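Text of the file data01.txt, holding compact mmCIF, C-alpha atoms:
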```
# COMPACT_ATOMS: atom_id res chain seq x y z
CA MET C 128 -9.75 13.16 -10.14
CA PRO C 129 -13.42 13.56 -11.07
CA ILE C 130 -15.68 14.30 -8.11
CA MET C 131 -19.43 14.15 -8.71
CA GLN C 132 -22.05 15.89 -6.68
CA VAL C 133 -25.03 13.65 -6.02
CA ASP C 134 -27.84 14.66 -3.73
CA GLY C 135 -25.68 16.47 -1.18
CA TYR C 136 -22.91 13.91 -1.36
CA LEU C 137 -19.56 13.91 -3.10
CA LEU C 138 -19.12 10.75 -5.12
CA VAL C 139 -15.58 9.82 -6.12
CA PRO C 140 -15.18 6.85 -8.45
CA ILE C 141 -11.47 6.12 -8.18
CA GLN C 142 -10.47 4.64 -11.51
CA ILE C 143 -6.72 5.02 -11.57
CA ASP C 144 -3.78 3.50 -9.75
CA LEU C 145 -3.47 5.35 -6.45
CA ASP C 146 0.10 6.49 -6.16
CA ASP C 147 1.22 8.64 -3.24
CA ARG C 148 0.93 11.91 -5.08
CA THR C 149 -2.52 11.12 -6.47
CA VAL C 150 -3.89 10.18 -3.08
CA GLY C 151 -2.41 13.37 -1.59
CA ARG C 152 -3.96 15.48 -4.32
CA LEU C 153 -7.30 13.74 -3.86
CA GLN C 154 -7.22 14.69 -0.17
CA GLN C 155 -6.66 18.37 -0.98
CA GLN C 156 -9.29 18.34 -3.68
CA LEU C 157 -11.88 16.72 -1.40
CA LEU C 158 -11.35 19.22 1.41
CA LYS C 159 -11.86 22.09 -1.04
CA GLU C 160 -14.98 20.46 -2.45
CA ILE C 161 -16.43 19.88 1.03
CA GLU C 162 -15.95 23.53 1.82
CA ARG C 163 -17.38 24.65 -1.51
CA THR C 164 -20.39 22.35 -1.65
CA ARG C 165 -21.07 21.80 2.07
CA ALA C 166 -21.47 18.13 1.25
CA ARG C 167 -22.73 15.89 4.06
CA ALA C 168 -20.83 12.82 3.01
CA ILE C 169 -18.07 11.65 0.71
CA ILE C 170 -18.49 8.32 -1.03
CA LEU C 171 -15.25 6.79 -2.27
CA ASP C 172 -15.82 3.99 -4.75
CA VAL C 173 -12.64 1.88 -4.91
CA ARG C 174 -13.99 -0.92 -7.10
CA MET C 175 -11.28 -0.33 -9.69
CA VAL C 176 -8.41 -0.05 -7.22
CA GLU C 177 -6.13 -3.08 -7.28
CA VAL C 178 -3.67 -2.19 -4.54
CA ILE C 179 -4.28 -0.33 -1.27
CA ASP C 180 -1.15 -0.26 0.85
CA SER C 181 -0.52 1.13 4.34
CA TYR C 182 0.19 4.67 3.19
CA ILE C 183 -2.91 4.86 1.01
CA SER C 184 -4.93 3.47 3.96
CA TYR C 185 -3.38 6.04 6.26
CA THR C 186 -4.19 8.89 3.89
CA LEU C 187 -7.79 7.74 3.35
CA SER C 188 -8.33 7.57 7.14
CA GLU C 189 -6.68 10.94 7.58
CA THR C 190 -8.90 12.45 4.89
CA ALA C 191 -11.96 11.00 6.61
CA ALA C 192 -10.85 12.49 9.95
CA MET C 193 -10.39 15.90 8.31
CA ALA C 194 -13.76 15.65 6.58
CA ARG C 195 -15.38 14.68 9.88
CA LEU C 196 -14.04 17.87 11.45
CA MET C 197 -15.80 19.75 8.67
CA GLY C 198 -19.06 17.95 9.43
CA CYS C 199 -18.78 15.49 6.60
CA ARG C 200 -18.77 11.68 6.83
CA THR C 201 -16.80 9.30 4.63
CA VAL C 202 -18.07 6.06 3.18
CA LEU C 203 -15.86 3.65 1.27
CA CYS C 204 -17.37 1.08 -1.04
CA GLY C 205 -16.35 -1.57 -3.54
CA ILE C 206 -13.20 -2.96 -1.88
CA GLN C 207 -12.14 -5.92 -4.02
CA PRO C 208 -11.76 -9.30 -2.23
CA PRO C 209 -7.95 -9.56 -2.74
CA VAL C 210 -7.55 -6.01 -1.44
CA ALA C 211 -9.73 -6.77 1.60
CA LEU C 212 -7.71 -9.92 2.25
CA THR C 213 -4.39 -8.06 2.02
CA LEU C 214 -5.53 -5.19 4.27
CA ALA C 215 -6.92 -7.59 6.86
CA GLN C 216 -3.73 -9.67 6.82
CA MET C 217 -1.60 -6.56 7.33
CA GLY C 218 -3.89 -5.55 10.18
CA VAL C 219 -5.08 -2.29 8.62
CA THR C 220 -8.20 -0.76 10.11
CA LEU C 221 -9.65 2.23 8.34
CA GLN C 222 -10.37 4.68 11.15
CA GLU C 223 -13.16 7.22 10.66
CA VAL C 224 -14.30 5.46 7.50
CA ALA C 225 -17.65 3.71 7.18
CA VAL C 226 -17.49 0.77 4.80
CA ALA C 227 -20.35 -0.20 2.51
CA ARG C 228 -20.95 -3.32 0.45
CA ASN C 229 -21.59 -1.46 -2.78
CA LEU C 230 -22.57 1.95 -4.11
CA GLU C 231 -26.25 1.42 -3.32
CA HIS C 232 -25.43 0.52 0.29
CA ALA C 233 -23.03 3.49 0.45
CA LEU C 234 -25.87 5.84 -0.47
CA VAL C 235 -28.06 4.28 2.23
CA LEU C 236 -25.28 4.67 4.82
CA ALA C 237 -24.59 8.27 3.78
CA GLY C 238 -28.34 8.95 4.08
CA SER C 239 -28.46 7.46 7.58
CA PHE C 240 -25.70 9.83 8.73
CA GLN C 241 -27.78 12.69 7.43
CA GLU C 242 -30.79 11.58 9.48
CA ARG C 243 -28.67 11.16 12.60
CA ASP C 244 -26.99 14.52 12.17
CA LYS C 245 -30.40 16.18 11.90
CA GLY C 246 -31.38 14.44 15.12
CA VAL C 247 -34.31 12.65 13.51
CA MET S 82 26.66 -8.58 7.71
CA TYR S 83 24.92 -5.89 5.67
CA GLU S 84 28.06 -5.29 3.64
CA GLU S 85 28.40 -8.97 2.72
CA LYS S 86 24.75 -9.17 1.71
CA ILE S 87 24.68 -6.06 -0.43
CA THR S 88 27.97 -6.90 -2.09
CA SER S 89 26.83 -10.38 -2.97
CA ILE S 90 23.52 -9.07 -4.27
CA ILE S 91 24.47 -5.94 -6.14
CA GLU S 92 28.03 -6.53 -7.21
CA ASP S 93 28.00 -10.19 -8.16
CA PRO S 94 27.31 -10.45 -11.89
CA ALA S 95 26.00 -13.98 -11.37
CA GLN S 96 23.03 -12.53 -9.53
CA GLU S 97 20.54 -11.89 -12.27
CA PHE S 98 17.17 -10.32 -11.73
CA ASP S 99 14.11 -10.20 -13.95
CA ILE S 100 13.25 -6.74 -12.75
CA VAL S 101 15.39 -4.03 -11.24
CA VAL S 102 13.67 -0.76 -10.36
CA ARG S 103 15.76 2.11 -9.09
CA ILE S 104 13.79 4.00 -6.49
CA THR S 105 14.67 7.67 -6.62
CA ARG S 106 11.30 9.39 -7.03
CA GLU S 107 7.91 8.91 -5.47
CA GLU S 108 6.51 7.69 -8.80
CA ASP S 109 8.97 4.80 -8.73
CA ILE S 110 6.95 3.22 -5.90
CA ALA S 111 3.99 2.73 -8.25
CA VAL S 112 6.30 1.57 -11.05
CA ALA S 113 7.87 -1.11 -8.82
CA ARG S 114 4.44 -2.26 -7.69
CA GLN S 115 3.12 -2.51 -11.25
CA MET S 116 6.14 -4.47 -12.45
CA ALA S 117 5.97 -6.85 -9.50
CA LYS S 118 2.32 -7.43 -10.25
CA GLN S 119 3.05 -8.30 -13.86
CA LEU S 120 5.79 -10.74 -13.00
CA ALA S 121 3.68 -12.40 -10.30
CA GLN S 122 0.85 -12.82 -12.82
CA GLU S 123 3.28 -14.31 -15.32
CA ILE S 124 4.44 -16.88 -12.73
CA GLY S 125 0.81 -17.85 -12.26
CA PHE S 126 0.11 -16.61 -8.75
CA SER S 127 -3.54 -16.35 -7.71
CA LEU S 128 -5.10 -12.89 -7.78
CA ALA S 129 -4.97 -12.81 -3.96
CA ASP S 130 -1.24 -13.54 -3.99
CA VAL S 131 -0.57 -11.10 -6.84
CA THR S 132 -2.21 -8.42 -4.68
CA ARG S 133 -0.20 -9.46 -1.60
CA ILE S 134 3.07 -9.36 -3.56
CA ALA S 135 2.27 -6.00 -5.20
CA THR S 136 1.33 -4.53 -1.82
CA ALA S 137 4.51 -5.86 -0.18
CA VAL S 138 6.62 -4.32 -2.97
CA SER S 139 4.78 -1.04 -2.51
CA GLU S 140 5.65 -0.99 1.20
CA LEU S 141 9.31 -1.87 0.58
CA ALA S 142 9.71 0.72 -2.18
CA ARG S 143 8.12 3.39 -0.02
CA ASN S 144 10.49 2.61 2.86
CA ILE S 145 13.45 3.07 0.52
CA TYR S 146 12.09 6.38 -0.77
CA ARG S 147 11.22 7.67 2.70
CA TYR S 148 14.21 6.68 4.74
CA ALA S 149 17.07 6.18 2.29
CA ARG S 150 15.93 8.53 -0.52
CA GLN S 151 17.19 6.01 -3.06
CA GLY S 152 17.79 2.34 -3.53
CA ARG S 153 16.66 -0.63 -5.57
CA ILE S 154 13.87 -3.13 -5.76
CA MET S 155 15.07 -6.34 -7.40
CA ILE S 156 12.72 -9.12 -8.33
CA ARG S 157 13.25 -12.53 -9.84
CA LYS S 158 11.36 -15.67 -10.60
CA ARG S 159 12.40 -18.75 -8.68
CA LEU S 160 11.70 -21.68 -10.93
CA GLU S 161 14.08 -24.33 -9.53
CA ASP S 162 11.23 -26.18 -7.86
CA ARG S 163 8.88 -26.97 -10.71
CA ASP S 164 6.03 -27.90 -8.39
CA SER S 165 6.02 -24.61 -6.60
CA PRO S 166 7.63 -21.74 -8.46
CA GLY S 167 8.17 -18.58 -6.51
CA ILE S 168 9.08 -14.95 -6.60
CA GLU S 169 11.92 -13.31 -4.71
CA VAL S 170 11.79 -9.63 -3.87
CA ILE S 171 14.85 -7.81 -2.58
CA ALA S 172 14.87 -4.21 -1.39
CA ALA S 173 18.34 -2.74 -0.96
CA ASP S 174 19.57 0.69 -0.06
CA ARG S 175 22.64 2.47 1.22
CA GLY S 176 20.56 4.63 3.53
CA PRO S 177 20.88 5.36 7.26
CA GLY S 178 20.25 1.75 8.34
CA ILE S 179 18.03 0.57 11.19
CA PRO S 180 19.42 0.66 14.76
CA ASP S 181 16.90 -1.82 16.14
CA VAL S 182 15.44 -4.25 13.62
CA GLU S 183 13.21 -5.96 16.21
CA LEU S 184 11.61 -2.64 17.03
CA VAL S 185 10.74 -1.69 13.45
CA LEU S 186 9.12 -5.08 12.99
CA MET S 187 6.70 -4.31 15.80
CA ARG S 188 3.27 -3.37 14.56
CA GLY S 189 2.50 0.28 15.03
CA TYR S 190 6.09 1.40 15.48
CA THR S 191 7.10 4.22 13.16
CA THR S 192 9.49 7.16 13.08
CA TRP S 193 7.48 8.76 10.29
CA GLU S 194 4.79 11.24 11.17
CA ARG S 195 2.19 10.19 8.63
CA SER S 196 2.31 6.44 8.86
CA LEU S 197 0.46 3.51 10.36
CA GLY S 198 3.73 1.80 11.27
CA ILE S 199 2.69 -1.49 9.75
CA GLY S 200 4.77 -1.48 6.56
CA LEU S 201 7.56 -3.92 7.39
CA SER S 202 5.50 -6.11 9.71
CA GLY S 203 2.87 -6.15 6.95
CA VAL S 204 5.42 -7.33 4.38
CA LYS S 205 6.44 -10.11 6.74
CA ARG S 206 2.83 -11.22 7.05
CA LEU S 207 2.11 -11.03 3.33
CA MET S 208 5.17 -12.95 2.14
CA ASP S 209 6.28 -16.53 2.96
CA SER S 210 9.81 -15.74 4.03
CA PHE S 211 11.37 -12.54 5.27
CA ALA S 212 14.92 -11.59 6.24
CA ILE S 213 16.36 -8.20 7.02
CA HIS S 214 20.01 -7.17 7.23
CA SER S 215 20.77 -3.66 8.33
CA GLU S 216 23.69 -1.69 9.64
CA VAL S 217 23.58 1.88 10.89
CA GLY S 218 25.33 4.21 8.49
CA LYS S 219 25.59 1.52 5.82
CA GLY S 220 22.15 0.54 4.65
CA THR S 221 19.42 -2.05 4.67
CA VAL S 222 18.63 -5.16 2.67
CA VAL S 223 15.28 -6.91 2.92
CA ILE S 224 14.94 -10.30 1.24
CA THR S 225 11.49 -11.85 0.88
CA GLU S 226 10.01 -14.67 -1.06
CA LYS S 227 6.62 -16.08 -1.90
CA ARG S 228 5.88 -19.54 -3.27
CA ARG S 229 3.00 -20.35 -5.52
CA ARG S 230 0.62 -22.71 -3.86
CA THR S 231 -0.21 -25.86 -5.76
CA PHE S 232 -3.87 -26.38 -6.38
```
If you took the structure in this file and wrote it as structure tokens, what would it be?
Amino acid sequence: MPIMQVDGYLLVPIQIDLDDRTVGRLQQQLLKEIERTRARAIILDVRMVEVIDSYISYTLSETAAMARLMGCRTVLCGIQPPVALTLAQMGVTLQEVAVARNLEHALVLAGSFQERDKGV
Amino acid sequence: MYEEKITSIIEDPAQEFDIVVRITREEDIAVARQMAKQLAQEIGFSLADVTRIATAVSELARNIYRYARQGRIMIRKRLEDRDSPGIEVIAADRGPGIPDVELVLMRGYTTWERSLGIGLSGVKRLMDSFAIHSEVGKGTVVITEKRRRTF
């Protein structure tokens, strides 16, 4: 999965179907990248993702919790309306994940964490 | 009860399905979900319902893979009612079975370590009808259906 480094953040545009193995691999890859780059935030762009089920939700939350322990925040953006509807109906809440309206908003949110962490 | 259900579903040649996906590997979960999505689109479900159906199939297929190691997802169009066609999704396995069906339908209950425990209750919420037949040591059959809403 391509992970881009933008201004101290790790940007992950998820453009493939998230099967269990892929989402597991993404978790491993992100943890390594956080360690390597000392990124302050991960931004996961799920605009292209058509199905997010309970296991994918669980793994995304778990990844965010792990990242948080390494001093890195997680922002999710671009959830498609049918996906939002399905997750809400199932009662999924994404723990440890900040949700943004779009990529621009995600960058603003990630920036605000940075300010807060600096104690500004 | 389970035995009757699975026999009538799997062994009766009159029971024809549009899609049968054998779940034996993790990748099969995504395959089942993709195929369900295609069939739901073909029936003319809205994008919201296509997503609900695909997500429900994903949960059912994962349960088979996790708890029974193998089983089948069977899907068919229900076109008898021309005003509201539907889709039927059946998940069947000869796995360990569920001792307490009421309990597993409770939100947040899970025996799996890395799980939200909302799979089956989620399926029930996403689909229009939901029935589960299970017997310890024999297996589990989940039968669900969704009708297309008329606009």
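Near Leu186 (chain S), within 10 Å and counting only C-alpha atoms, sit Asp181, Val182, Tyr190, Thr191, Gly198, Ile199, Gly200, Leu201, Ser202, Gly203, Val204, Lys205 and Ile213 of chain S, not including residues fewer than 4 positions from it in the same chain.
Atom pair CA of Gly167 (chain S) / CA of Asp130 (chain S) has a distance of 11.0 Å (rounded to one decimal).
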Write out as a Markdown table the residues of chain S that have any atom within 8 Å of an atom of chain C, one row each with the nearest atom pair and its distance in Å to one decimal, counting only C-alpha atoms, sorted by chain and then rising number.
```
| residue | atom | partner | partner_atom | distance |
| --- | --- | --- | --- | --- |
| S:Glu107 | CA | C:Asp147 | CA | 7.1 |
| S:Glu108 | CA | C:Asp146 | CA | 7.0 |
| S:Ile110 | CA | C:Asp146 | CA | 7.6 |
| S:Ala111 | CA | C:Asp146 | CA | 5.8 |
| S:Leu128 | CA | C:Pro209 | CA | 6.7 |
| S:Ala129 | CA | C:Pro209 | CA | 4.6 |
| S:Asp130 | CA | C:Pro209 | CA | 7.9 |
| S:Thr132 | CA | C:Pro209 | CA | 6.2 |
| S:Arg133 | CA | C:Thr213 | CA | 5.7 |
| S:Ala135 | CA | C:Val178 | CA | 7.1 |
| S:Thr136 | CA | C:Asp180 | CA | 5.6 |
| S:Ser139 | CA | C:Asp180 | CA | 6.9 |
| S:Glu140 | CA | C:Asp180 | CA | 6.8 |
| S:Arg195 | CA | C:Tyr185 | CA | 7.3 |
| S:Ser196 | CA | C:Tyr185 | CA | 6.3 |
| S:Leu197 | CA | C:Tyr185 | CA | 6.2 |
| S:Ile199 | CA | C:Ser181 | CA | 6.8 |
| S:Gly200 | CA | C:Ser181 | CA | 6.3 |
| S:Ser202 | CA | C:Met217 | CA | 7.5 |
| S:Gly203 | CA | C:Met217 | CA | 4.5 |
| S:Val204 | CA | C:Met217 | CA | 7.7 |
| S:Arg206 | CA | C:Met217 | CA | 6.4 |
| S:Leu207 | CA | C:Gln216 | CA | 6.9 |
```
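Counting only C-alpha atoms, the residue from S:Ala117, S:Ile145, S:Met82, S:Val131 that sits nearest to Val217 (chain S) is S:Met82.
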Who sits within 10 Å of Pro140 (chain C), only C-alpha atoms, same chain under 3 positions skipped, as a VMD selection string: chain C and resid 128 to 131 137 143 170 to 176 204 to 205 230
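Nearest to Ile156 (chain S) of all the residues S:Val101, S:Val223, S:Ala173, S:Ala142 is S:Val101, based on all atoms listed in the file.
From CA of Asp209 (chain S) back to CA of Lys158 (chain S), the distance works out to 14.5 Å.
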Which residue of S:Phe126, S:Phe211, S:Phe98, S:Tyr83 approaches Arg175 (chain S) most closely, using all atoms listed in the file: S:Tyr83
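What separates CA of Ala113 (chain S) from CA of Leu141 (chain S) is a distance of 9.5 Å.
For the choices C:Ile161, C:Ala237, C:Ile206, C:Val133, the atom-to-atom distance to Ala194 (chain C) is smallest for C:Ile161 when using all atoms listed in the file.
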Kindly add N, CA and C atoms to the incomplete region 208-222 of chain C and provide the output as a PDB file, in the frame of the given file.
```
ATOM      1  N   PRO C 208     -12.144  -8.240  -3.187  1.00  0.00           N
ATOM      2  CA  PRO C 208     -11.760  -9.300  -2.230  1.00  0.00           C
ATOM      3  C   PRO C 208     -10.248  -9.430  -1.991  1.00  0.00           C
ATOM      4  N   PRO C 209      -9.390  -9.429  -3.040  1.00  0.00           N
ATOM      5  CA  PRO C 209      -7.950  -9.560  -2.740  1.00  0.00           C
ATOM      6  C   PRO C 209      -7.402  -8.372  -1.952  1.00  0.00           C
ATOM      7  N   VAL C 210      -7.993  -7.205  -2.171  1.00  0.00           N
ATOM      8  CA  VAL C 210      -7.550  -6.010  -1.440  1.00  0.00           C
ATOM      9  C   VAL C 210      -7.983  -6.124   0.021  1.00  0.00           C
ATOM     10  N   ALA C 211      -9.212  -6.591   0.242  1.00  0.00           N
ATOM     11  CA  ALA C 211      -9.730  -6.770   1.600  1.00  0.00           C
ATOM     12  C   ALA C 211      -8.857  -7.778   2.353  1.00  0.00           C
ATOM     13  N   LEU C 212      -8.538  -8.857   1.658  1.00  0.00           N
ATOM     14  CA  LEU C 212      -7.710  -9.920   2.250  1.00  0.00           C
ATOM     15  C   LEU C 212      -6.334  -9.369   2.661  1.00  0.00           C
ATOM     16  N   THR C 213      -5.719  -8.611   1.756  1.00  0.00           N
ATOM     17  CA  THR C 213      -4.390  -8.060   2.020  1.00  0.00           C
ATOM     18  C   THR C 213      -4.428  -7.073   3.189  1.00  0.00           C
ATOM     19  N   LEU C 214      -5.423  -6.187   3.191  1.00  0.00           N
ATOM     20  CA  LEU C 214      -5.530  -5.190   4.270  1.00  0.00           C
ATOM     21  C   LEU C 214      -5.755  -5.879   5.613  1.00  0.00           C
ATOM     22  N   ALA C 215      -6.628  -6.890   5.611  1.00  0.00           N
ATOM     23  CA  ALA C 215      -6.920  -7.590   6.860  1.00  0.00           C
ATOM     24  C   ALA C 215      -5.675  -8.317   7.364  1.00  0.00           C
ATOM     25  N   GLN C 216      -4.932  -8.932   6.428  1.00  0.00           N
ATOM     26  CA  GLN C 216      -3.730  -9.670   6.820  1.00  0.00           C
ATOM     27  C   GLN C 216      -2.659  -8.729   7.389  1.00  0.00           C
ATOM     28  N   MET C 217      -2.578  -7.525   6.827  1.00  0.00           N
ATOM     29  CA  MET C 217      -1.600  -6.560   7.330  1.00  0.00           C
ATOM     30  C   MET C 217      -2.066  -5.937   8.645  1.00  0.00           C
ATOM     31  N   GLY C 218      -3.351  -6.111   8.937  1.00  0.00           N
ATOM     32  CA  GLY C 218      -3.890  -5.550  10.180  1.00  0.00           C
ATOM     33  C   GLY C 218      -4.298  -4.093  10.054  1.00  0.00           C
ATOM     34  N   VAL C 219      -4.663  -3.678   8.833  1.00  0.00           N
ATOM     35  CA  VAL C 219      -5.080  -2.290   8.620  1.00  0.00           C
ATOM     36  C   VAL C 219      -6.545  -2.126   9.036  1.00  0.00           C
ATOM     37  N   THR C 220      -6.808  -1.119   9.867  1.00  0.00           N
ATOM     38  CA  THR C 220      -8.200  -0.760  10.110  1.00  0.00           C
ATOM     39  C   THR C 220      -8.374   0.673   9.625  1.00  0.00           C
ATOM     40  N   LEU C 221      -9.427   0.899   8.890  1.00  0.00           N
ATOM     41  CA  LEU C 221      -9.650   2.230   8.340  1.00  0.00           C
ATOM     42  C   LEU C 221     -10.451   3.064   9.337  1.00  0.00           C
ATOM     43  N   GLN C 222      -9.724   3.845  10.138  1.00  0.00           N
ATOM     44  CA  GLN C 222     -10.370   4.680  11.150  1.00  0.00           C
ATOM     45  C   GLN C 222     -11.194   5.770  10.487  1.00  0.00           C
TER      46      GLN C 222
END
```
